[in-house]
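Participant: Have a look at the structure that comes next, please.
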Amino acid sequence: MSLTAVSPTAVSPAGRGVALRATMPIFAAADPGRASVIAELRAAGCVFAEDEADLLLAAANVPHRLSAMVARRVAGEPLEHILGWVDFAGVRVSVAPGVFVPRRRTEFLVLEAVSRLPNGPAVVVDLCCGSGAIGLAVASAVRGPVELHAADVDPVAVGCARRNLGAVGGHVFEGDLYAALPRRLRGRVNVLVANVPYVPTDAMALLPPEARLHEPRPALDGGPDGLDVFRRVTAGAVDWLAPDGHLLVEVGEEQTSAAVAELATAGLAALVARSEEHEGAVVIGTRRTR
């Protein structure tokens, strides 16, 4: 992921979860308990203190639990880890401490993936799946049958993804990229999505503490130019994609030219999709049949 998207609180929780806000309890602005929580969060530097306070108040069913949750947030732990979930692309995704928190910008990757699914049954693979958020959002957005597979090298993330993807019949594997997948998927994948780590190693120190201290480094650090894992995913994609299948990967805007060149080297027809709304860029490689 890029430097502009590393903080889970860079976007208001309310902005990320409109559906959630529609169903959340509404706390009176004059509520002294709410005011106290807001004051603590503001003092700790939380930009969206009011929204975060409402989410914490809704999640805490007893005062001592609220105090513990606020203390964790004041100490810098990501709000999503404290709540145990995040609203992402219209679905609620369970997340746990030590698991990468899906960002709002990655909803653009979901939109691009869904738009490229074939009519009828589809095979979807989510590599570097983390919590399984992308695969869950893609499978939840389509009416037709989706055979969903996901993989991650981190056992904590794999456990989280299995909890999320069980509801949509997804299969989650632990291992390194394609080595984790069943060989029967080779040449059958219609849409392959990968939210690979893409922060350059030298830029890791610039990340907000929420990401740097509470999310796994392998989910963020993409090597010297941020494209180490991207190159590995790209190099193996042709063997797994179905004819006219698509590989979609989120990258930083400054990495798009190099990423397109890598896709072309791997024998894929390449293009770049951009979204001003999501402030995101997705590179897409297609296995052409002619």
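Chain labels follow the order of the structure tokens: the first chain is A, the next B, and so on; residue numbering restarts at 1 in every chain, and ligands are counted from 1 in their shown order.
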Name the residues in contact with Val101 in chain A at a cut-off of 10 Å, using only C-alpha atoms, excluding same-chain residues fewer than 3 positions from it; report them as JSON, numbers by chain.

Facilitator: {"A": [6, 7, 8, 78, 79, 80, 81, 85, 86, 88, 93, 94, 95, 96, 97, 98, 104, 130, 131, 133, 211, 214, 215, 219]}

Participant: Just the residues within 7 Å of range 256-265 of chain A, please, counting only C-alpha atoms, with nothing from its chain fewer than 5 positions along; format it as a list in words.

Facilitator: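 The contact residues come out as Arg231, Thr234, Val251, Ala270, Leu271, Val283 and Gly285 of chain A.
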
Participant: Could you give me, as a list in words, each residue of range 11-163 of chain A that DSSP assigns to strand (DSSP E or B) when run on this structure's backbone?

Facilitator: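 Everything in range 11-163 of chain A that counts as strand (DSSP E or B) is Trp85, Val86, Asp87, Phe88, Val91, Arg92, Val93, Ser94, Ala122, Val123, Val124, Val125, Asp126, Leu127, Val146, Glu147, Leu148, His149, Ala150, Ala151 and Asp152 of chain A.
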
Participant: Could those residues be written to a file, using C-alpha atoms, as a compact mmCIF listing (two decimals), in the first residue's frame?

Facilitator:
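Dumped to again27.txt:
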# COMPACT_ATOMS: atom_id res chain seq x y z
CA TRP A 85 -14.45 -4.99 12.45
CA VAL A 86 -14.40 -2.46 9.65
CA ASP A 87 -17.01 -1.47 7.07
CA PHE A 88 -15.47 -2.06 3.65
CA VAL A 91 -19.72 -5.38 3.92
CA ARG A 92 -18.63 -5.75 7.53
CA VAL A 93 -15.21 -7.36 7.74
CA SER A 94 -13.85 -8.85 10.95
CA ALA A 122 -16.50 -17.22 -12.05
CA VAL A 123 -13.31 -18.27 -10.32
CA VAL A 124 -11.80 -15.51 -8.14
CA VAL A 125 -8.49 -15.62 -6.29
CA ASP A 126 -7.47 -13.10 -3.61
CA LEU A 127 -3.70 -13.21 -3.03
CA VAL A 146 -18.36 -17.35 -7.46
CA GLU A 147 -15.74 -19.94 -6.61
CA LEU A 148 -13.57 -17.95 -4.23
CA HIS A 149 -10.05 -18.83 -3.10
CA ALA A 150 -7.74 -16.72 -0.93
CA ALA A 151 -4.21 -17.07 0.39
CA ASP A 152 -1.84 -15.34 2.77

Participant: Extract, using only C-alpha atoms, all DNA, RNA and protein residues at most 9 Å from range 182-194 of chain A, discarding same-chain residues fewer than 4 positions from it, and format them as JSON, numbers by chain.

Facilitator: {"A": [109, 110, 113, 114, 116, 117, 118, 122, 123, 124, 125, 126, 127, 128, 129, 134, 135, 173, 178, 230, 233, 237, 238, 239, 240, 241, 242, 243, 244, 245, 246, 247, 248, 249, 250]}

Participant: I'd like to know which residues of range 1-229 of chain A are alpha helix (DSSP H) (by DSSP, run on the backbone); could you write them as JSON, numbers by chain?

Facilitator: {"A": [13, 14, 15, 16, 18, 19, 20, 21, 22, 23, 32, 33, 34, 35, 36, 37, 38, 39, 40, 41, 42, 43, 49, 50, 51, 52, 53, 54, 55, 56, 57, 58, 59, 63, 64, 65, 66, 67, 68, 69, 70, 71, 72, 73, 74, 79, 80, 81, 82, 83, 107, 108, 109, 110, 111, 112, 113, 114, 115, 133, 134, 135, 136, 137, 138, 139, 140, 141, 155, 156, 157, 158, 159, 160, 161, 162, 163, 164, 165, 209, 210, 211, 212, 213, 214, 228, 229]}

Participant: Could you save those same residues with C-alpha atoms as a tab-separated table (two decimals), in the first residue's frame?

Facilitator:
chain	number	residue	atom	x	y	z
A	13	PRO	CA	-15.01	6.03	10.25
A	14	ALA	CA	-18.37	7.54	9.36
A	15	GLY	CA	-17.18	8.19	5.84
A	16	ARG	CA	-15.98	4.62	5.50
A	18	VAL	CA	-22.26	4.98	5.73
A	19	ALA	CA	-24.48	1.94	6.23
A	20	LEU	CA	-23.14	1.53	9.73
A	21	ARG	CA	-23.82	5.15	10.61
A	22	ALA	CA	-27.41	4.73	9.48
A	23	THR	CA	-27.98	1.99	12.06
A	32	PRO	CA	-21.35	13.82	29.61
A	33	GLY	CA	-19.96	10.33	29.00
A	34	ARG	CA	-19.68	10.98	25.29
A	35	ALA	CA	-18.14	14.39	25.89
A	36	SER	CA	-15.51	12.84	28.15
A	37	VAL	CA	-14.58	10.21	25.56
A	38	ILE	CA	-14.37	12.85	22.83
A	39	ALA	CA	-12.09	14.97	24.99
A	40	GLU	CA	-9.76	12.03	25.65
A	41	LEU	CA	-9.60	11.14	21.97
A	42	ARG	CA	-9.00	14.72	20.91
A	43	ALA	CA	-6.20	15.08	23.43
A	49	ALA	CA	-12.89	12.15	17.74
A	50	GLU	CA	-16.70	12.51	17.61
A	51	ASP	CA	-17.19	9.66	15.15
A	52	GLU	CA	-14.74	7.42	16.98
A	53	ALA	CA	-16.42	8.16	20.31
A	54	ASP	CA	-19.80	7.11	18.91
A	55	LEU	CA	-18.36	3.87	17.56
A	56	LEU	CA	-16.69	3.03	20.88
A	57	LEU	CA	-19.81	3.89	22.87
A	58	ALA	CA	-21.90	1.67	20.60
A	59	ALA	CA	-19.47	-1.23	20.99
A	63	PRO	CA	-18.39	1.17	31.55
A	64	HIS	CA	-15.19	-0.71	32.35
A	65	ARG	CA	-15.09	-2.09	28.81
A	66	LEU	CA	-15.49	1.41	27.39
A	67	SER	CA	-12.62	2.65	29.55
A	68	ALA	CA	-10.39	-0.15	28.32
A	69	MET	CA	-11.28	0.49	24.69
A	70	VAL	CA	-10.67	4.22	24.99
A	71	ALA	CA	-7.33	3.55	26.67
A	72	ARG	CA	-6.28	1.32	23.79
A	73	ARG	CA	-7.25	3.98	21.26
A	74	VAL	CA	-5.46	6.73	23.19
A	79	LEU	CA	-9.79	1.80	15.97
A	80	GLU	CA	-10.69	-1.15	13.74
A	81	HIS	CA	-8.62	-3.55	15.86
A	82	ILE	CA	-10.37	-2.32	18.98
A	83	LEU	CA	-13.85	-2.67	17.49
A	107	GLU	CA	-12.72	-0.31	-2.54
A	108	PHE	CA	-11.73	0.89	-6.01
A	109	LEU	CA	-9.87	-2.39	-6.56
A	110	VAL	CA	-13.09	-4.22	-5.67
A	111	LEU	CA	-15.12	-2.16	-8.15
A	112	GLU	CA	-12.64	-2.84	-10.94
A	113	ALA	CA	-12.57	-6.56	-10.14
A	114	VAL	CA	-16.35	-6.88	-10.11
A	115	SER	CA	-16.62	-5.05	-13.44
A	133	ALA	CA	-11.86	-8.21	2.75
A	134	ILE	CA	-11.40	-7.93	-1.03
A	135	GLY	CA	-12.58	-11.45	-1.77
A	136	LEU	CA	-15.55	-11.04	0.56
A	137	ALA	CA	-16.55	-7.74	-1.06
A	138	VAL	CA	-16.25	-9.14	-4.58
A	139	ALA	CA	-18.25	-12.27	-3.78
A	140	SER	CA	-20.91	-10.20	-1.99
A	141	ALA	CA	-21.31	-7.79	-4.91
A	155	PRO	CA	-1.33	-17.49	9.94
A	156	VAL	CA	-3.10	-14.75	11.95
A	157	ALA	CA	-4.46	-13.21	8.76
A	158	VAL	CA	-5.46	-16.65	7.46
A	159	GLY	CA	-7.51	-17.31	10.59
A	160	CYS	CA	-9.24	-13.96	10.20
A	161	ALA	CA	-9.92	-14.57	6.49
A	162	ARG	CA	-11.43	-17.97	7.21
A	163	ARG	CA	-13.90	-16.38	9.62
A	164	ASN	CA	-14.85	-13.76	7.03
A	165	LEU	CA	-15.03	-15.94	3.93
A	209	PRO	CA	2.43	4.79	14.20
A	210	GLU	CA	-0.97	3.08	13.81
A	211	ALA	CA	0.32	1.24	10.76
A	212	ARG	CA	4.01	1.01	11.63
A	213	LEU	CA	3.50	-0.38	15.14
A	214	HIS	CA	0.25	-2.33	14.90
A	228	ASP	CA	9.11	-6.78	-4.92
A	229	VAL	CA	5.95	-8.79	-4.20

Participant: Mind checking which residues fall within 6 Å of Asp176 in chain A, counting only C-alpha atoms, ignoring those fewer than 3 positions away in the same chain, and posting them as JSON, numbers by chain?

Facilitator: {"A": [153, 179, 180]}

Participant: Could you tell me how far CA of Asp225 in chain A sits from CA of Ile284 in chain A, in Å to one decimal place?

Facilitator: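 Computed distance, CA of Ile284 in chain A to CA of Asp225 in chain A, equals 19.2 Å.
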
Participant: How many Å separate CA of Gly132 in chain A from CA of Val196 in chain A?

Facilitator: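 The value is 12.8 Å.
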
Participant: Could you list, as a VMD selection string, every residue within 8 Å of Asp221 in chain A, counting only C-alpha atoms and ignoring same-chain residues fewer than 2 positions away?

Facilitator: chain A and resid 197 to 201 204 217 to 219 223 226

Participant: Output C-alpha atoms for every residue in that selection, as an mmCIF file, in the first residue's frame.

Facilitator:
data_model
loop_
_atom_site.group_PDB
_atom_site.id
_atom_site.type_symbol
_atom_site.label_atom_id
_atom_site.label_comp_id
_atom_site.auth_asym_id
_atom_site.auth_seq_id
_atom_site.Cartn_x
_atom_site.Cartn_y
_atom_site.Cartn_z
ATOM 1 C CA PRO A 197 2.619 -4.541 0.053
ATOM 2 C CA TYR A 198 3.944 -1.564 -1.899
ATOM 3 C CA VAL A 199 5.523 0.891 0.540
ATOM 4 C CA PRO A 200 9.260 1.266 -0.330
ATOM 5 C CA THR A 201 11.423 0.030 2.524
ATOM 6 C CA MET A 204 8.471 2.617 6.223
ATOM 7 C CA ARG A 217 5.460 -5.241 8.360
ATOM 8 C CA PRO A 218 5.227 -7.847 5.564
ATOM 9 C CA ALA A 219 1.793 -6.447 4.690
ATOM 10 C CA GLY A 223 11.087 -3.751 -0.849
ATOM 11 C CA GLY A 226 7.832 -1.130 -3.292
#

Participant: Could you tell me how far CA of Thr289 in chain A sits from CA of Pro121 in chain A, in Å to one decimal place?

Facilitator: 19.5 Å
